[in-house]
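Engineer: Structure below; questions to follow.
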Amino acid sequence: MTFTDVPLQPKKKGLTRRQKRSLSRGVQYTVFVAAVIALAVTADWGRLQNQFAQPDIARQMFPDVITLALKNTVLYTVSGFVGAMALGLVVALMRLSSVGPYRWVASVFIEVFRGLPALLIFVFIGVAVPLAFPGTEIPGGTYGKAALGLGLIGAAYMAETFRAGIQAVPKGQMEAARSLGFSPARAMVSIIIPQAFRIILPPLTNEFIMLFKDSSLVLLLGVTLEERELSKFGRDLASTTANSTPILVAGLCYLLVTIPLGFVARRLEANAQEAVK
């Protein structure tokens, strides 16, 4: 018998890589659907509806939940965001400065306010500042305190975002500006920072969403009825009605703002990636 006379064994056929991926995806979908069905079957939807979805209580919240609570939440957030952008840009430039003390101060600021919980920052503003400086009032009352607290919270994160955006601009841009007679400061303001803004626009949108949610801590400052934001408004009505429907409605109002902003952030990020390509 020669080598060619030996019968060839048929090769065992296994699943291809594509088939394995399809099988794995099918198992994951099956587990997900089974978990959703199990949750839907075992949950007591009647009790949930009685506690969180009473139409009569929800109707009582309008239009104040929009014209008062949501309006105040947006005002707190916008004022804090503007302050955070201004302070964050200054801290970022200090962080990139060649002057040592500027860098040290900026680094300490970032580490402290990025590491502290937002709740403690509002407590310091509402309690520690009046104790340390008796008779001193922050301009704007509650709105000014909210802008200061949210500004300090956001500035620490935005400073690092600004620094990354400025460093992402090619160094040749600064060299080209200097060759045209621009001073370093004018080149930074006119050439570098505008380009950095286009780069960091998506993360800045995410920072706004973060501050929008952190605005719920304004209640620690002691707000009046006309200064209540969404969380305080919902909690007060929940206590009055002994029902959690106002909290659910307040949460939905947050989503009315954060979901569209999240979509905008994703679109901006996609556009930025396409521009790079």
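Residues are named by chain letter and number: chains run A, B, ... in the order of the structure tokens, numbers start at 1 in each chain, and ligands are numbered from 1 in the order shown.
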Need to verify the contact set: Ser244 of chain A, 9 Å, only C-alpha atoms, exclusion of same-chain residues closer than 6 positions in sequence. Can you return it as JSON, numbers by chain?
Structural biologist: {"A": [50, 51, 52, 53, 54, 234, 235, 237, 238]}
Engineer: Just the selected residues (N, CA, C and O atoms), exported as a PDB file, in the first residue's frame, please.
Structural biologist:
```pdb
ATOM      1  N   ASN A  50     -49.706  53.485  42.056  1.00  0.00           N
ATOM      2  CA  ASN A  50     -50.317  54.239  43.158  1.00  0.00           C
ATOM      3  C   ASN A  50     -49.320  55.192  43.816  1.00  0.00           C
ATOM      4  O   ASN A  50     -49.701  56.264  44.287  1.00  0.00           O
ATOM      5  N   GLN A  51     -48.049  54.803  43.841  1.00  0.00           N
ATOM      6  CA  GLN A  51     -47.058  55.617  44.542  1.00  0.00           C
ATOM      7  C   GLN A  51     -46.373  56.626  43.636  1.00  0.00           C
ATOM      8  O   GLN A  51     -45.970  57.700  44.101  1.00  0.00           O
ATOM      9  N   PHE A  52     -46.200  56.312  42.345  1.00  0.00           N
ATOM     10  CA  PHE A  52     -45.390  57.156  41.466  1.00  0.00           C
ATOM     11  C   PHE A  52     -46.141  57.728  40.265  1.00  0.00           C
ATOM     12  O   PHE A  52     -45.568  58.561  39.554  1.00  0.00           O
ATOM     13  N   ALA A  53     -47.339  57.311  40.000  1.00  0.00           N
ATOM     14  CA  ALA A  53     -48.008  57.737  38.766  1.00  0.00           C
ATOM     15  C   ALA A  53     -49.472  58.055  39.016  1.00  0.00           C
ATOM     16  O   ALA A  53     -50.371  57.385  38.492  1.00  0.00           O
ATOM     17  N   GLN A  54     -49.713  59.071  39.820  1.00  0.00           N
ATOM     18  CA  GLN A  54     -51.077  59.538  40.061  1.00  0.00           C
ATOM     19  C   GLN A  54     -51.342  60.752  39.168  1.00  0.00           C
ATOM     20  O   GLN A  54     -50.765  61.828  39.387  1.00  0.00           O
ATOM     21  N   GLY A 234     -40.113  69.098  43.729  1.00  0.00           N
ATOM     22  CA  GLY A 234     -40.692  67.755  43.773  1.00  0.00           C
ATOM     23  C   GLY A 234     -40.752  67.195  45.178  1.00  0.00           C
ATOM     24  O   GLY A 234     -41.750  66.569  45.571  1.00  0.00           O
ATOM     25  N   ARG A 235     -39.713  67.407  45.980  1.00  0.00           N
ATOM     26  CA  ARG A 235     -39.696  66.882  47.343  1.00  0.00           C
ATOM     27  C   ARG A 235     -40.745  67.560  48.211  1.00  0.00           C
ATOM     28  O   ARG A 235     -41.396  66.911  49.034  1.00  0.00           O
ATOM     29  N   LEU A 237     -43.639  68.871  47.287  1.00  0.00           N
ATOM     30  CA  LEU A 237     -44.965  68.372  46.942  1.00  0.00           C
ATOM     31  C   LEU A 237     -45.143  66.909  47.341  1.00  0.00           C
ATOM     32  O   LEU A 237     -46.242  66.484  47.706  1.00  0.00           O
ATOM     33  N   ALA A 238     -44.054  66.132  47.274  1.00  0.00           N
ATOM     34  CA  ALA A 238     -44.142  64.738  47.693  1.00  0.00           C
ATOM     35  C   ALA A 238     -44.457  64.646  49.188  1.00  0.00           C
ATOM     36  O   ALA A 238     -45.226  63.782  49.626  1.00  0.00           O
TER      37      ALA A 238
END
```
Engineer: Using only C-alpha atoms, what does the table of segment 21-131 of chain A residues within 9 Å of segment 199-212 of chain A look like, with each row giving the shortest atom pair and its distance in Å to one decimal, sorted by chain and ascending number, as a Markdown table?
Structural biologist:
```
| residue | atom | partner | partner_atom | distance |
| --- | --- | --- | --- | --- |
| A:Thr73 | CA | A:Phe212 | CA | 7.1 |
| A:Val74 | CA | A:Phe212 | CA | 7.2 |
| A:Tyr76 | CA | A:Phe212 | CA | 8.0 |
| A:Thr77 | CA | A:Phe212 | CA | 5.2 |
| A:Val78 | CA | A:Phe208 | CA | 8.1 |
| A:Gly80 | CA | A:Leu211 | CA | 7.5 |
| A:Phe81 | CA | A:Phe208 | CA | 6.4 |
| A:Met85 | CA | A:Leu204 | CA | 8.9 |
```
Engineer: Take the residues from that selection and write them out as a short mmCIF file (atom, residue, chain, number, x, y, z; two decimals), in the first residue's frame, keeping all heavy atoms.
Structural biologist:
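The resulting file, part.cif, is reproduced below:
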```
data_model
loop_
_atom_site.label_atom_id
_atom_site.label_comp_id
_atom_site.auth_asym_id
_atom_site.auth_seq_id
_atom_site.Cartn_x
_atom_site.Cartn_y
_atom_site.Cartn_z
N THR A 73 -33.98 75.99 37.68
CA THR A 73 -32.91 75.01 37.46
C THR A 73 -32.04 75.42 36.28
O THR A 73 -30.80 75.33 36.33
CB THR A 73 -33.51 73.62 37.22
OG1 THR A 73 -34.31 73.24 38.34
CG2 THR A 73 -32.42 72.58 37.02
N VAL A 74 -32.68 75.86 35.20
CA VAL A 74 -31.92 76.30 34.02
C VAL A 74 -31.11 77.55 34.34
O VAL A 74 -29.94 77.66 33.94
CB VAL A 74 -32.88 76.55 32.83
CG1 VAL A 74 -32.13 77.18 31.67
CG2 VAL A 74 -33.52 75.24 32.39
N TYR A 76 -29.92 78.52 37.30
CA TYR A 76 -28.78 78.13 38.14
C TYR A 76 -27.69 77.49 37.29
O TYR A 76 -26.50 77.78 37.45
CB TYR A 76 -29.25 77.13 39.21
CG TYR A 76 -30.18 77.70 40.24
CD1 TYR A 76 -31.21 76.92 40.77
CD2 TYR A 76 -30.04 79.00 40.71
CE1 TYR A 76 -32.08 77.43 41.73
CE2 TYR A 76 -30.90 79.51 41.67
CZ TYR A 76 -31.92 78.73 42.17
OH TYR A 76 -32.77 79.23 43.12
N THR A 77 -28.11 76.61 36.39
CA THR A 77 -27.13 75.87 35.59
C THR A 77 -26.39 76.79 34.63
O THR A 77 -25.15 76.70 34.50
CB THR A 77 -27.82 74.75 34.80
OG1 THR A 77 -28.57 73.93 35.70
CG2 THR A 77 -26.82 73.90 34.06
N VAL A 78 -27.11 77.65 33.93
CA VAL A 78 -26.48 78.54 32.95
C VAL A 78 -25.50 79.49 33.63
O VAL A 78 -24.37 79.69 33.17
CB VAL A 78 -27.55 79.32 32.16
CG1 VAL A 78 -26.90 80.41 31.31
CG2 VAL A 78 -28.36 78.38 31.28
N GLY A 80 -23.97 79.06 36.51
CA GLY A 80 -22.82 78.28 36.96
C GLY A 80 -21.92 77.85 35.83
O GLY A 80 -20.69 77.85 35.95
N PHE A 81 -22.52 77.51 34.68
CA PHE A 81 -21.73 77.07 33.52
C PHE A 81 -20.89 78.22 32.97
O PHE A 81 -19.72 78.02 32.63
CB PHE A 81 -22.67 76.54 32.45
CG PHE A 81 -21.98 75.97 31.24
CD1 PHE A 81 -21.37 74.74 31.29
CD2 PHE A 81 -21.94 76.68 30.05
CE1 PHE A 81 -20.73 74.22 30.19
CE2 PHE A 81 -21.30 76.17 28.94
CZ PHE A 81 -20.70 74.93 29.00
N MET A 85 -16.86 78.17 32.91
CA MET A 85 -16.07 78.33 31.69
C MET A 85 -15.01 79.42 31.85
O MET A 85 -13.85 79.23 31.48
CB MET A 85 -16.99 78.66 30.51
CG MET A 85 -17.73 77.48 29.95
SD MET A 85 -18.61 77.89 28.42
CE MET A 85 -17.27 78.35 27.37
#
```
Engineer: Identify all residues of segment 1-207 of chain A in alpha helix (DSSP H) (DSSP on the backbone) and supply them as a PyMOL selection string.
Structural biologist: chain A and resi 17-42+45-52+55-60+64+71-95+100-115+118-123+129-132+141-168+171-179+184-187+193-207
Engineer: Tell me which protein, DNA and RNA residues are within 12 Å of Ser231 of chain A, counting only C-alpha atoms, leaving out same-chain ones fewer than 5 positions away, and put them as an NGL selection string.
Structural biologist: :A and (65 or 68-70 or 72-73 or 212-220 or 223 or 236-238 or 244 or 246-254)
Engineer: For the atom pair atom CA of Leu268 of chain A and atom CA of Ala187 of chain A, what is the interatomic distance in Å to one decimal place?
Structural biologist: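 One can read the atom CA of Leu268 of chain A to atom CA of Ala187 of chain A distance as 25.6 Å.
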Engineer: Please compute the atom CA of Ile57 of chain A-atom CA of Thr258 of chain A distance, one decimal, in Å.
Structural biologist: 24.0 Å
Engineer: Let me make sure I understand: among A:Arg228, A:Ile138, A:Leu116, A:Val90, which one has the smallest atom-to-atom distance to Ile193 of chain A if we use only C-alpha atoms?
Structural biologist: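 Among the listed residues, the smallest separation from Ile193 of chain A belongs to A:Val90.
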Engineer: Nearest to Arg114 of chain A among A:Ala168, A:Ser97, A:Ala270, A:Leu150, with distances taken over only C-alpha atoms: which residue is it?
Structural biologist: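 Under the stated criterion, the closest residue is A:Leu150.
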Engineer: Considering only C-alpha atoms, state which residue in the set A:Thr161, A:Gln167, A:Ser98, A:Ser79 is at the smallest distance from Ala146 of chain A.
Structural biologist: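 Distance minimum relative to Ala146 of chain A lands on A:Ser79.
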